[in-house]
>>> print(open('upload17.tsv').read())   # TSV, C-alpha atoms
chain	number	residue	atom	x	y	z
A	1	MET	CA	52.37	101.32	100.91
A	2	LYS	CA	56.06	102.06	100.25
A	3	ARG	CA	56.29	99.00	98.05
A	4	VAL	CA	53.14	99.98	96.13
A	5	ILE	CA	54.59	103.44	95.48
A	6	ALA	CA	57.87	101.85	94.37
A	7	LEU	CA	56.04	99.75	91.80
A	8	LEU	CA	54.10	102.75	90.57
A	9	CYS	CA	57.36	104.67	90.23
A	10	LEU	CA	58.84	101.79	88.27
A	11	PHE	CA	56.11	102.12	85.67
A	12	GLY	CA	56.14	105.92	85.73
A	13	LEU	CA	52.53	106.19	86.90
A	14	VAL	CA	52.85	108.59	89.80
A	15	ALA	CA	55.91	110.77	89.37
A	16	ALA	CA	54.98	113.00	92.28
A	17	ALA	CA	55.10	110.06	94.68
A	18	CYS	CA	58.57	108.93	93.64
A	19	GLY	CA	60.70	111.70	95.13
A	20	GLY	CA	63.26	113.74	93.25
A	21	GLY	CA	60.74	116.16	91.78
A	22	ASP	CA	62.05	119.74	91.82
A	23	ASP	CA	58.73	121.20	92.99
A	24	SER	CA	58.05	118.50	95.56
A	25	ASP	CA	57.34	119.25	99.19
A	26	GLU	CA	58.62	115.80	100.11
A	27	PRO	CA	61.98	115.51	101.87
A	28	ILE	CA	65.12	115.03	99.83
A	29	LYS	CA	66.38	111.58	100.76
A	30	PHE	CA	70.05	110.79	101.23
A	31	GLY	CA	70.77	107.09	101.49
A	32	PHE	CA	73.26	105.79	104.03
A	33	LEU	CA	74.30	102.25	103.08
A	34	ASN	CA	76.85	101.13	105.64
A	35	GLY	CA	78.05	98.19	107.69
A	36	GLN	CA	76.39	98.88	111.01
A	37	THR	CA	76.95	95.21	111.90
A	38	GLY	CA	79.49	92.63	110.78
A	39	ASP	CA	83.18	93.34	110.13
A	40	TYR	CA	82.63	97.10	109.82
A	41	GLY	CA	80.36	97.20	112.85
A	42	PRO	CA	82.96	98.80	115.16
A	43	TRP	CA	82.92	101.86	112.88
A	44	GLY	CA	79.18	101.82	112.33
A	45	ALA	CA	78.04	104.14	115.09
A	46	TRP	CA	80.76	106.68	114.35
A	47	ALA	CA	79.91	106.72	110.65
A	48	LEU	CA	76.22	107.21	111.37
A	49	TRP	CA	76.82	109.96	113.93
A	50	ALA	CA	78.88	111.89	111.38
A	51	ALA	CA	76.21	111.46	108.71
A	52	GLU	CA	73.56	112.70	111.15
A	53	VAL	CA	75.68	115.74	112.03
A	54	ALA	CA	75.88	116.61	108.33
A	55	VAL	CA	72.15	116.25	107.71
A	56	GLU	CA	71.38	118.31	110.81
A	57	GLU	CA	73.65	121.03	109.45
A	58	LEU	CA	71.89	120.95	106.07
A	59	ASN	CA	68.49	121.31	107.68
A	60	ALA	CA	69.66	124.03	110.08
A	61	ALA	CA	70.64	126.11	107.04
A	62	GLY	CA	67.19	125.72	105.49
A	63	GLY	CA	67.56	122.35	103.84
A	64	VAL	CA	68.45	121.68	100.21
A	65	LEU	CA	66.45	123.37	97.43
A	66	GLY	CA	64.18	124.60	100.19
A	67	ARG	CA	63.29	121.05	101.23
A	68	THR	CA	64.07	119.11	104.38
A	69	VAL	CA	66.75	116.47	104.07
A	70	GLU	CA	66.08	112.98	105.43
A	71	LEU	CA	68.79	110.40	106.10
A	72	VAL	CA	67.58	106.91	105.16
A	73	VAL	CA	69.71	104.20	106.76
A	74	GLU	CA	70.30	100.63	105.60
A	75	ASP	CA	72.70	98.22	107.30
A	76	ASN	CA	74.56	96.21	104.66
A	77	GLY	CA	75.93	93.79	107.25
A	78	SER	CA	79.46	94.51	105.92
A	79	THR	CA	78.93	92.16	102.97
A	80	PRO	CA	78.52	92.62	99.20
A	81	GLU	CA	75.24	90.69	99.38
A	82	GLY	CA	73.98	93.01	102.09
A	83	ALA	CA	74.97	96.00	99.98
A	84	VAL	CA	72.98	94.70	97.02
A	85	SER	CA	69.84	94.08	99.09
A	86	GLY	CA	70.22	97.32	101.03
A	87	TYR	CA	70.69	99.27	97.81
A	88	ALA	CA	67.51	97.77	96.38
A	89	GLU	CA	65.59	98.78	99.50
A	90	LEU	CA	66.94	102.34	99.38
A	91	THR	CA	66.23	102.85	95.69
A	92	ASP	CA	63.18	100.72	94.92
A	93	VAL	CA	61.29	101.33	98.15
A	94	ASP	CA	62.62	104.50	99.77
A	95	GLY	CA	63.32	106.39	96.54
A	96	ILE	CA	66.57	108.02	97.63
A	97	ASP	CA	68.01	110.96	95.65
A	98	ALA	CA	71.69	110.26	96.38
A	99	LEU	CA	73.83	107.69	98.17
A	100	GLY	CA	76.71	107.70	100.66
A	101	GLY	CA	78.24	105.65	103.44
A	102	ILE	CA	79.21	102.60	101.42
A	103	GLU	CA	82.49	100.65	101.75
A	104	SER	CA	84.75	99.09	99.09
A	105	ASP	CA	83.17	95.64	98.79
A	106	GLY	CA	79.65	97.04	98.70
A	107	MET	CA	80.55	99.76	96.22
A	108	LEU	CA	81.91	97.24	93.75
A	109	ALA	CA	78.77	95.12	94.17
A	110	VAL	CA	76.42	97.98	93.19
A	111	PHE	CA	78.73	99.98	90.91
A	112	ASP	CA	77.04	99.01	87.64
A	113	THR	CA	73.54	99.50	89.06
A	114	VAL	CA	74.44	102.97	90.33
A	115	HIS	CA	75.37	103.95	86.79
A	116	GLU	CA	72.31	102.34	85.25
A	117	GLN	CA	70.07	104.28	87.62
A	118	GLN	CA	72.18	107.47	87.42
A	119	LEU	CA	72.29	107.83	91.19
A	120	PRO	CA	74.87	110.34	92.50
A	121	THR	CA	77.05	108.35	94.89
A	122	ILE	CA	79.95	109.43	97.08
A	123	CYS	CA	82.20	106.76	98.50
A	124	SER	CA	83.73	108.04	101.71
A	125	THR	CA	85.49	104.83	102.77
A	126	CYS	CA	86.32	103.08	99.47
A	127	GLY	CA	90.04	102.51	99.21
A	128	THR	CA	89.74	99.77	96.59
A	129	THR	CA	92.14	100.12	93.67
A	130	GLU	CA	89.24	99.15	91.38
A	131	LEU	CA	88.12	102.80	91.58
A	132	ASP	CA	91.51	104.17	90.51
A	133	THR	CA	90.48	104.29	86.85
A	134	THR	CA	86.68	104.16	87.03
A	135	GLY	CA	84.06	106.48	88.43
A	136	GLY	CA	83.74	110.20	87.85
A	137	ASP	CA	80.34	109.92	86.19
A	138	TYR	CA	78.12	108.93	89.12
A	139	VAL	CA	80.63	107.56	91.66
A	140	PHE	CA	83.07	109.88	93.44
A	141	ARG	CA	85.68	108.95	96.05
A	142	ILE	CA	86.75	111.50	98.67
A	143	ILE	CA	89.30	109.36	100.51
A	144	GLY	CA	92.73	108.23	99.39
A	145	SER	CA	93.06	105.09	97.30
A	146	ASP	CA	94.52	101.83	98.59
A	147	THR	CA	97.15	102.52	95.95
A	148	ASP	CA	98.22	105.55	97.96
A	149	ASN	CA	98.08	103.54	101.19
A	150	GLY	CA	100.10	100.69	99.74
A	151	ILE	CA	102.76	103.01	98.35
A	152	ILE	CA	103.08	104.98	101.58
A	153	GLY	CA	103.39	101.72	103.55
A	154	ALA	CA	106.26	100.58	101.31
A	155	GLN	CA	107.82	104.02	101.55
A	156	VAL	CA	107.77	103.84	105.35
A	157	ALA	CA	109.28	100.34	105.29
A	158	ARG	CA	112.09	101.66	103.11
A	159	ASP	CA	112.67	104.75	105.24
A	160	GLU	CA	112.72	102.67	108.44
A	161	GLY	CA	115.45	100.51	106.90
A	162	TYR	CA	113.48	97.27	106.60
A	163	ASP	CA	114.96	95.02	103.90
A	164	ASN	CA	112.82	91.96	104.66
A	165	VAL	CA	109.10	92.15	105.47
A	166	ALA	CA	106.52	89.44	106.18
A	167	MET	CA	102.84	89.97	105.40
A	168	LEU	CA	99.59	88.97	107.13
A	169	VAL	CA	96.65	89.66	104.81
A	170	GLU	CA	92.94	88.97	105.30
A	171	LEU	CA	91.14	87.86	102.16
A	172	SER	CA	88.73	90.72	101.46
A	173	GLU	CA	88.74	93.52	98.90
A	174	GLY	CA	89.56	96.24	101.41
A	175	THR	CA	92.58	94.39	102.81
A	176	ILE	CA	93.99	92.67	99.71
A	177	SER	CA	93.91	95.93	97.75
A	178	PRO	CA	96.57	97.91	99.69
A	179	ALA	CA	98.58	94.76	100.45
A	180	ASP	CA	99.07	93.93	96.77
A	181	VAL	CA	100.27	97.47	96.06
A	182	PHE	CA	102.61	97.36	99.06
A	183	LYS	CA	104.11	94.06	97.92
A	184	THR	CA	104.66	95.21	94.33
A	185	VAL	CA	106.22	98.54	95.26
A	186	PHE	CA	108.35	97.11	98.07
A	187	THR	CA	109.78	94.25	96.01
A	188	GLU	CA	109.91	95.61	92.46
A	189	GLN	CA	110.66	99.30	93.04
A	190	ILE	CA	112.43	99.38	96.40
A	191	GLY	CA	114.16	96.02	96.07
A	192	GLY	CA	112.97	94.53	99.36
A	193	THR	CA	112.15	90.89	100.07
A	194	ILE	CA	108.89	89.36	101.30
A	195	THR	CA	109.84	86.53	103.65
A	196	GLU	CA	106.27	85.22	104.01
A	197	ASP	CA	102.99	86.32	102.43
A	198	VAL	CA	100.35	84.74	104.65
A	199	ARG	CA	96.78	85.11	103.37
A	200	PHE	CA	93.71	83.76	105.11
A	201	ASP	CA	89.96	84.03	105.54
A	202	ALA	CA	88.50	85.94	108.46
A	203	GLY	CA	86.32	84.40	111.15
A	204	ARG	CA	88.74	81.81	112.50
A	205	SER	CA	88.80	80.92	116.16
A	206	SER	CA	92.59	81.27	116.19
A	207	TYR	CA	95.27	82.78	113.99
A	208	SER	CA	98.14	81.15	115.85
A	209	ALA	CA	99.62	79.36	112.84
A	210	GLU	CA	99.41	82.42	110.60
A	211	VAL	CA	101.05	84.67	113.20
A	212	ALA	CA	103.84	82.14	113.77
A	213	ARG	CA	104.58	81.83	110.04
A	214	ALA	CA	104.95	85.56	109.63
A	215	PHE	CA	106.88	86.41	112.78
A	216	ASP	CA	109.19	83.39	112.67
A	217	SER	CA	110.23	84.13	109.08
A	218	GLY	CA	113.22	86.29	109.96
A	219	ALA	CA	111.54	89.49	108.78
A	220	ASP	CA	112.70	92.93	109.86
A	221	ALA	CA	109.02	93.94	110.20
A	222	VAL	CA	105.54	92.51	109.61
A	223	TYR	CA	102.98	94.27	107.43
A	224	ILE	CA	99.43	93.52	108.65
A	225	SER	CA	96.45	94.27	106.40
A	226	VAL	CA	93.32	92.94	108.11
A	227	GLY	CA	89.96	94.19	109.32
A	228	PHE	CA	89.43	95.35	112.88
A	229	GLU	CA	87.61	92.19	113.96
A	230	THR	CA	90.56	90.09	112.76
A	231	GLY	CA	93.23	92.50	113.96
A	232	VAL	CA	92.37	92.22	117.64
A	233	PRO	CA	92.91	88.43	117.94
A	234	ILE	CA	95.99	88.61	115.70
A	235	LEU	CA	97.62	91.26	117.87
A	236	ASN	CA	96.60	89.45	121.04
A	237	GLU	CA	98.40	86.39	119.64
A	238	TRP	CA	101.38	88.60	118.74
A	239	LYS	CA	101.45	89.85	122.32
A	240	ARG	CA	101.04	86.38	123.83
A	241	ARG	CA	103.91	84.95	121.80
A	242	GLY	CA	106.27	87.77	122.75
A	243	TYR	CA	107.04	89.14	119.30
A	244	SER	CA	107.40	92.73	120.51
A	245	ASP	CA	110.89	92.99	119.04
A	246	VAL	CA	109.45	92.80	115.50
A	247	PRO	CA	108.09	96.17	114.32
A	248	LEU	CA	104.58	96.35	112.85
A	249	ILE	CA	103.31	98.23	109.81
A	250	LEU	CA	99.51	98.31	110.02
A	251	THR	CA	96.86	99.45	107.57
A	252	THR	CA	94.08	101.97	108.12
A	253	ASP	CA	91.45	99.56	109.44
A	254	LEU	CA	93.61	99.04	112.54
A	255	LEU	CA	93.83	102.73	113.36
A	256	SER	CA	91.42	102.34	116.28
A	257	PRO	CA	91.61	102.89	120.05
A	258	ASP	CA	91.24	99.16	120.80
A	259	ILE	CA	94.25	98.30	118.63
A	260	ALA	CA	96.27	101.11	120.19
A	261	ALA	CA	95.41	99.75	123.63
A	262	VAL	CA	96.74	96.28	122.73
A	263	VAL	CA	99.96	97.67	121.28
A	264	GLY	CA	100.39	100.10	124.17
A	265	GLU	CA	100.36	97.25	126.68
A	266	VAL	CA	103.49	95.70	125.13
A	267	GLU	CA	106.69	97.30	126.37
A	268	GLY	CA	109.12	98.16	123.61
A	269	ALA	CA	106.63	97.50	120.81
A	270	SER	CA	106.84	99.52	117.61
A	271	ALA	CA	103.74	99.90	115.46
A	272	VAL	CA	102.87	102.48	112.81
A	273	VAL	CA	99.99	103.10	110.46
A	274	ALA	CA	100.81	104.89	107.23
A	275	ALA	CA	97.56	106.02	105.61
A	276	ALA	CA	95.13	108.82	104.86
A	277	ALA	CA	94.71	111.36	107.64
A	278	TYR	CA	92.66	114.45	108.52
A	279	ASP	CA	93.56	118.04	107.66
A	280	THR	CA	93.25	119.47	111.16
A	281	GLU	CA	95.68	122.39	111.30
A	282	GLY	CA	94.08	125.76	110.58
A	283	ASN	CA	91.11	124.19	108.82
A	284	PRO	CA	87.83	126.04	109.57
A	285	ALA	CA	85.78	123.07	108.35
A	286	TRP	CA	87.46	120.79	110.88
A	287	ASP	CA	87.15	123.35	113.68
A	288	ALA	CA	83.41	123.69	113.03
A	289	TYR	CA	82.81	119.94	112.75
A	290	VAL	CA	84.62	118.70	115.86
A	291	PRO	CA	82.36	120.22	118.56
A	292	ARG	CA	79.20	119.17	116.72
A	293	PHE	CA	80.42	115.60	116.37
A	294	GLU	CA	81.62	115.46	119.96
A	295	ALA	CA	78.25	116.74	121.21
A	296	LYS	CA	76.53	113.85	119.42
A	297	ALA	CA	79.04	111.05	120.00
A	298	GLY	CA	80.42	112.02	123.40
A	299	ASP	CA	83.94	111.62	122.00
A	300	PRO	CA	86.09	113.56	119.53
A	301	PRO	CA	86.48	112.30	115.96
A	302	GLU	CA	88.86	109.38	115.32
A	303	ILE	CA	90.77	109.06	112.04
A	304	GLY	CA	90.47	105.29	112.05
A	305	PHE	CA	86.68	105.43	112.26
A	306	TYR	CA	86.35	107.40	108.99
A	307	ASP	CA	83.71	109.68	110.52
A	308	ALA	CA	84.74	113.01	108.99
A	309	TRP	CA	84.70	111.61	105.45
A	310	GLN	CA	81.14	110.43	106.12
A	311	TYR	CA	80.27	113.99	107.10
A	312	ASP	CA	81.91	115.60	104.07
A	313	GLN	CA	80.04	113.44	101.56
A	314	TYR	CA	76.61	114.79	102.52
A	315	ILE	CA	77.76	118.41	102.58
A	316	ILE	CA	79.05	117.87	99.04
A	317	LEU	CA	75.78	116.28	97.91
A	318	GLY	CA	73.76	119.12	99.40
A	319	LEU	CA	75.89	121.79	97.73
A	320	ALA	CA	75.86	119.90	94.42
A	321	MET	CA	72.06	119.80	94.41
A	322	GLU	CA	71.94	123.53	95.13
A	323	LYS	CA	74.41	124.14	92.30
A	324	ALA	CA	72.37	121.97	89.92
A	325	GLY	CA	69.06	123.47	91.05
A	326	THR	CA	67.49	120.02	90.89
A	327	THR	CA	67.66	116.51	92.33
A	328	ASP	CA	68.02	115.00	88.86
A	329	GLY	CA	70.81	112.45	89.13
A	330	ALA	CA	72.75	113.37	86.01
A	331	ALA	CA	72.67	117.09	86.84
A	332	VAL	CA	73.72	116.56	90.46
A	333	ALA	CA	76.59	114.24	89.47
A	334	ALA	CA	77.83	116.81	86.95
A	335	ALA	CA	77.73	119.51	89.65
A	336	ILE	CA	79.84	117.58	92.18
A	337	PRO	CA	83.26	118.43	90.66
A	338	GLN	CA	82.02	121.95	89.96
A	339	ILE	CA	81.59	122.66	93.68
A	340	THR	CA	84.62	120.71	94.91
A	341	ASN	CA	87.24	122.01	92.49
A	342	PRO	CA	88.57	125.50	91.84
A	343	PRO	CA	87.99	128.09	90.62
A	344	GLY	CA	85.50	129.50	93.05
A	345	VAL	CA	85.16	131.03	96.50
A	346	GLU	CA	86.65	128.62	99.01
A	347	VAL	CA	83.98	127.61	101.53
A	348	PHE	CA	84.18	125.41	104.60
A	349	THR	CA	80.56	124.86	105.64
A	350	TYR	CA	77.25	124.16	103.95
A	351	ALA	CA	75.77	127.48	105.07
A	352	SER	CA	78.63	129.53	103.62
A	353	GLY	CA	78.59	127.52	100.39
A	354	LEU	CA	74.83	127.94	100.07
A	355	ALA	CA	75.11	131.70	100.57
A	356	GLU	CA	77.73	131.99	97.83
A	357	LEU	CA	75.70	129.89	95.40
A	358	GLN	CA	72.57	131.93	96.08
A	359	ALA	CA	74.62	135.06	95.38
A	360	GLY	CA	75.50	133.62	91.98
A	361	ASN	CA	79.11	132.78	92.81
A	362	GLU	CA	81.13	129.66	92.02
A	363	ILE	CA	82.39	127.75	95.06
A	364	ASP	CA	85.26	125.43	95.98
A	365	TYR	CA	84.30	123.33	99.01
A	366	HIS	CA	87.17	122.47	101.37
A	367	GLY	CA	86.14	119.61	103.63
A	368	THR	CA	86.96	118.64	107.17
A	369	THR	CA	89.45	116.03	105.93
A	370	SER	CA	91.21	117.91	103.10
A	371	ASN	CA	90.43	119.91	100.02
A	372	MET	CA	87.93	117.97	97.93
A	373	ASN	CA	89.57	118.52	94.54
A	374	LEU	CA	88.61	115.59	92.28
A	375	ASN	CA	90.32	114.29	89.16
A	376	ALA	CA	88.69	113.18	85.92
A	377	VAL	CA	87.72	109.77	87.33
A	378	GLY	CA	86.22	111.18	90.51
A	379	ASN	CA	89.13	110.45	92.83
A	380	LEU	CA	90.57	112.78	95.45
A	381	GLN	CA	93.65	114.37	93.86
A	382	SER	CA	95.77	115.06	96.95
A	383	PRO	CA	94.73	113.08	100.04
A	384	VAL	CA	96.41	114.03	103.30
A	385	MET	CA	98.79	111.22	104.30
A	386	ALA	CA	100.40	110.66	107.69
A	387	VAL	CA	102.38	108.16	109.73
A	388	SER	CA	100.71	107.53	113.09
A	389	ALA	CA	102.23	105.70	116.05
A	390	VAL	CA	101.00	104.58	119.47
A	391	THR	CA	101.89	107.08	122.19
A	392	ASP	CA	100.59	106.64	125.74
A	393	GLY	CA	98.10	104.04	124.56
A	394	SER	CA	96.55	106.03	121.71
A	395	TRP	CA	97.26	106.75	118.06
A	396	GLN	CA	99.03	110.05	117.44
A	397	VAL	CA	100.22	111.50	114.13
A	398	ARG	CA	103.99	111.21	114.07
A	399	ASP	CA	104.62	112.82	110.70
A	400	TYR	CA	102.62	114.17	107.79
A	401	VAL	CA	104.19	112.76	104.65
A	402	GLU	CA	103.96	113.09	100.89
A	403	LEU	CA	104.15	110.20	98.49
A	404	ASP	CA	107.62	109.76	97.06
A	405	PRO	CA	107.18	110.61	93.35
A	406	THR	CA	109.83	108.02	92.45
A	407	LEU	CA	107.53	105.27	93.72
A	408	GLU	CA	105.10	104.76	90.90
A	409	LYS	CA	101.65	103.31	90.91
A	410	PRO	CA	101.83	99.60	89.91
A	411	SER	CA	100.55	98.92	86.41
A	412	SER	CA	98.30	96.09	87.64
>>> encode(input="upload17.tsv", output="structure tokens")
Amino acid sequence: MKRVIALLCLFGLVAAACGGGDDSDEPIKFGFLNGQTGDYGPWGAWALWAAEVAVEELNAAGGVLGRTVELVVEDNGSTPEGAVSGYAELTDVDGIDALGGIESDGMLAVFDTVHEQQLPTICSTCGTTELDTTGGDYVFRIIGSDTDNGIIGAQVARDEGYDNVAMLVELSEGTISPADVFKTVFTEQIGGTITEDVRFDAGRSSYSAEVARAFDSGADAVYISVGFETGVPILNEWKRRGYSDVPLILTTDLLSPDIAAVVGEVEGASAVVAAAAYDTEGNPAWDAYVPRFEAKAGDPPEIGFYDAWQYDQYIILGLAMEKAGTTDGAAVAAAIPQITNPPGVEVFTYASGLAELQAGNEIDYHGTTSNMNLNAVGNLQSPVMAVSAVTDGSWQVRDYVELDPTLEKPSS
């Protein structure tokens, strides 16, 4: 029946059945297109829990436009192909009104289709540099760019006094993207040397040769940009070979408890992650979110699992629909920067934002992770950045840092 309705919608025969109608009694449908299995699988449950917390909050406040909100979930298998097929299911069959949850590779795979269909989409985990100069019409990114992550990694290498760095880079969009920025900034702007740039496909039974090439290259430190599934065997090989005297600079995907446990077992090891972080100090949005997430997940939020960004995206979509007064895609997309940027009453929850909008006031939503101020191409203007290190077997923020303005974004 869902497929029959989808076909009827395609030909415009039964508008009331297609969703998105302003007077409809049907639920508003938020799509969640995410890697619940595959390389992003370790983050999958956390991402979904956060999305569910957000939708529960929307419905507890009376829904959006007076309608119940439904979260429609599709597992993209952590692949671009899975994102394309999952997107088709969500749009052609389920008739979603907005989209969230998607990662870099999947976002690039459906980017053009999102614009063709005018579907408001928030990318909560897309670091890809491909979004640095695109988006802002229907695609919005509420997490820092891999450009930011690459620059901050090079900045940390400089500040730690590393003149020579080796690189271990998995061949995927989300790992190549920050690594290329790191390499350009470190060599061309800081004047450092890359002793080895080892790039490889994921899914190998062993990474022994790759680890040896990097750590035997005479580098002062090794920069590792890989996915979680690849990071565990690489760091186990690092531990087995006794390379603890070589410091590690890791990227955001390795900011997980399992990675911290491996590093924490090695006496004298030094490992840091320089990347986007959460705005936790004196932030009412964070304070309200944490207990709700912990009640659902049984654990507090983890920066490396991207959960709070998943939460923020659906609060933004709900407030944008209320601001627009409709589920029409173009109107909702236009409203997103209106409710995330000043001027307006600063709000920290959906309920408070809804109350202000219903009172006729402009709002400026401040999320759990940071302010949500967006630039002209839909990117977060000022992501919170931090250097985290392993302390007592877990990741702890060592320093909050700002990007050095003398380190410029690479031109390509």
>>> residues_around(input="upload17.tsv", residues="A:Thr37", least_positions_apart="4", cutoff="8 Å", atoms="all atoms listed in the file", output="list in words")
Gly41, Pro42, Gly44, Asp75, Asn76, Gly77 and Ser78 of chain A
>>> closest_residue(input="upload17.tsv", among="A:Gly367, A:Pro405, A:Gly150, A:Pro337", to="A:Trp286", atoms="all atoms listed in the file")
A:Gly367
>>> atom_distance(input="upload17.tsv", atom1="atom CA of A:Tyr314", atom2="atom CA of A:Ala54")
6.1 Å
>>> atom_distance(input="upload17.tsv", atom1="atom CA of A:Arg213", atom2="atom CA of A:Gly242")
14.1 Å
>>> residues_around(input="upload17.tsv", residues="A:Phe305", least_positions_apart="5", cutoff="12 Å", atoms="only C-alpha atoms", output="PyMOL selection string")
chain A and resi 40-50+124-125+228+252-258+276-278+299-300+310-311
>>> write_last_selection(input="upload17.tsv", atoms="C-alpha atoms", output="tab-separated table (two decimals), in the coordinates of the input")
chain	number	residue	atom	x	y	z
A	40	TYR	CA	82.63	97.10	109.82
A	41	GLY	CA	80.36	97.20	112.85
A	42	PRO	CA	82.96	98.80	115.16
A	43	TRP	CA	82.92	101.86	112.88
A	44	GLY	CA	79.18	101.82	112.33
A	45	ALA	CA	78.04	104.14	115.09
A	46	TRP	CA	80.76	106.68	114.35
A	47	ALA	CA	79.91	106.72	110.65
A	48	LEU	CA	76.22	107.21	111.37
A	49	TRP	CA	76.82	109.96	113.93
A	50	ALA	CA	78.88	111.89	111.38
A	124	SER	CA	83.73	108.04	101.71
A	125	THR	CA	85.49	104.83	102.77
A	228	PHE	CA	89.43	95.35	112.88
A	252	THR	CA	94.08	101.97	108.12
A	253	ASP	CA	91.45	99.56	109.44
A	254	LEU	CA	93.61	99.04	112.54
A	255	LEU	CA	93.83	102.73	113.36
A	256	SER	CA	91.42	102.34	116.28
A	257	PRO	CA	91.61	102.89	120.05
A	258	ASP	CA	91.24	99.16	120.80
A	276	ALA	CA	95.13	108.82	104.86
A	277	ALA	CA	94.71	111.36	107.64
A	278	TYR	CA	92.66	114.45	108.52
A	299	ASP	CA	83.94	111.62	122.00
A	300	PRO	CA	86.09	113.56	119.53
A	310	GLN	CA	81.14	110.43	106.12
A	311	TYR	CA	80.27	113.99	107.10
>>> residues_around(input="upload17.tsv", residues="A:Ile234", least_positions_apart="5", cutoff="8 Å", atoms="all atoms listed in the file", output="number ranges by chain")
A: 207-208, 211
>>> residues_around(input="upload17.tsv", residues="A:Asp97", least_positions_apart="6", cutoff="7 Å", atoms="all atoms listed in the file", output="ChimeraX atom specification")
/A:20,28-30,119,327
>>> residues_around(input="upload17.tsv", residues="A:Leu65", least_positions_apart="6", cutoff="10 Å", atoms="only C-alpha atoms", output="list in words")
Asp22, Asp23, Ser24, Ile28, Gly318, Leu319, Met321, Glu322, Lys323, Ala324, Gly325, Thr326, Thr327 and Leu354 of chain A
>>> closest_residue(input="upload17.tsv", among="A:Pro284, A:Pro410, A:Gly191, A:Gly329", to="A:Asn371", atoms="all atoms listed in the file")
A:Pro284
>>> closest_residue(input="upload17.tsv", among="A:Ala297, A:Ile143, A:Val53, A:Met385", to="A:Val401", atoms="all atoms listed in the file")
A:Met385
>>> residues_near_point(input="upload17.tsv", point="(73.6, 102.2, 90.7)", cutoff="12 Å", atoms="all atoms listed in the file", output="count of residues only")
35
>>> decode(input="upload17.tsv", residues="stretch 341-382 of chain A", atoms="C-alpha atoms", output="CSV table (one decimal), in the first residue's frame")
chain,number,residue,atom,x,y,z
A,341,ASN,CA,21.0,32.9,13.9
A,342,PRO,CA,20.5,36.2,15.8
A,343,PRO,CA,18.7,38.4,16.2
A,344,GLY,CA,16.1,36.8,18.4
A,345,VAL,CA,15.4,35.5,21.8
A,346,GLU,CA,18.0,32.9,22.7
A,347,VAL,CA,16.3,29.6,23.4
A,348,PHE,CA,17.7,26.3,24.5
A,349,THR,CA,14.9,23.8,24.1
A,350,TYR,CA,12.1,23.1,21.7
A,351,ALA,CA,9.4,24.0,24.2
A,352,SER,CA,10.9,27.4,24.9
A,353,GLY,CA,11.5,28.1,21.2
A,354,LEU,CA,7.9,27.1,20.4
A,355,ALA,CA,6.5,29.4,23.1
A,356,GLU,CA,8.5,32.4,21.7
A,357,LEU,CA,7.4,31.7,18.2
A,358,GLN,CA,3.8,31.4,19.2
A,359,ALA,CA,4.1,34.7,21.0
A,360,GLY,CA,5.3,36.3,17.7
A,361,ASN,CA,8.9,36.6,18.7
A,362,GLU,CA,12.0,35.9,16.7
A,363,ILE,CA,14.3,33.2,18.2
A,364,ASP,CA,18.0,32.2,18.1
A,365,TYR,CA,18.3,28.5,19.0
A,366,HIS,CA,21.5,27.6,20.9
A,367,GLY,CA,22.0,23.8,20.7
A,368,THR,CA,23.5,21.3,23.1
A,369,THR,CA,26.8,21.3,21.1
A,370,SER,CA,27.2,25.0,20.5
A,371,ASN,CA,25.4,28.0,19.1
A,372,MET,CA,23.9,27.1,15.8
A,373,ASN,CA,24.8,30.2,13.9
A,374,LEU,CA,25.1,29.3,10.2
A,375,ASN,CA,26.9,31.1,7.4
A,376,ALA,CA,25.7,31.8,3.9
A,377,VAL,CA,26.5,28.2,2.7
A,378,GLY,CA,24.8,26.6,5.6
A,379,ASN,CA,27.9,25.8,7.7
A,380,LEU,CA,28.3,26.2,11.4
A,381,GLN,CA,30.2,29.5,11.8
A,382,SER,CA,32.1,28.8,15.1
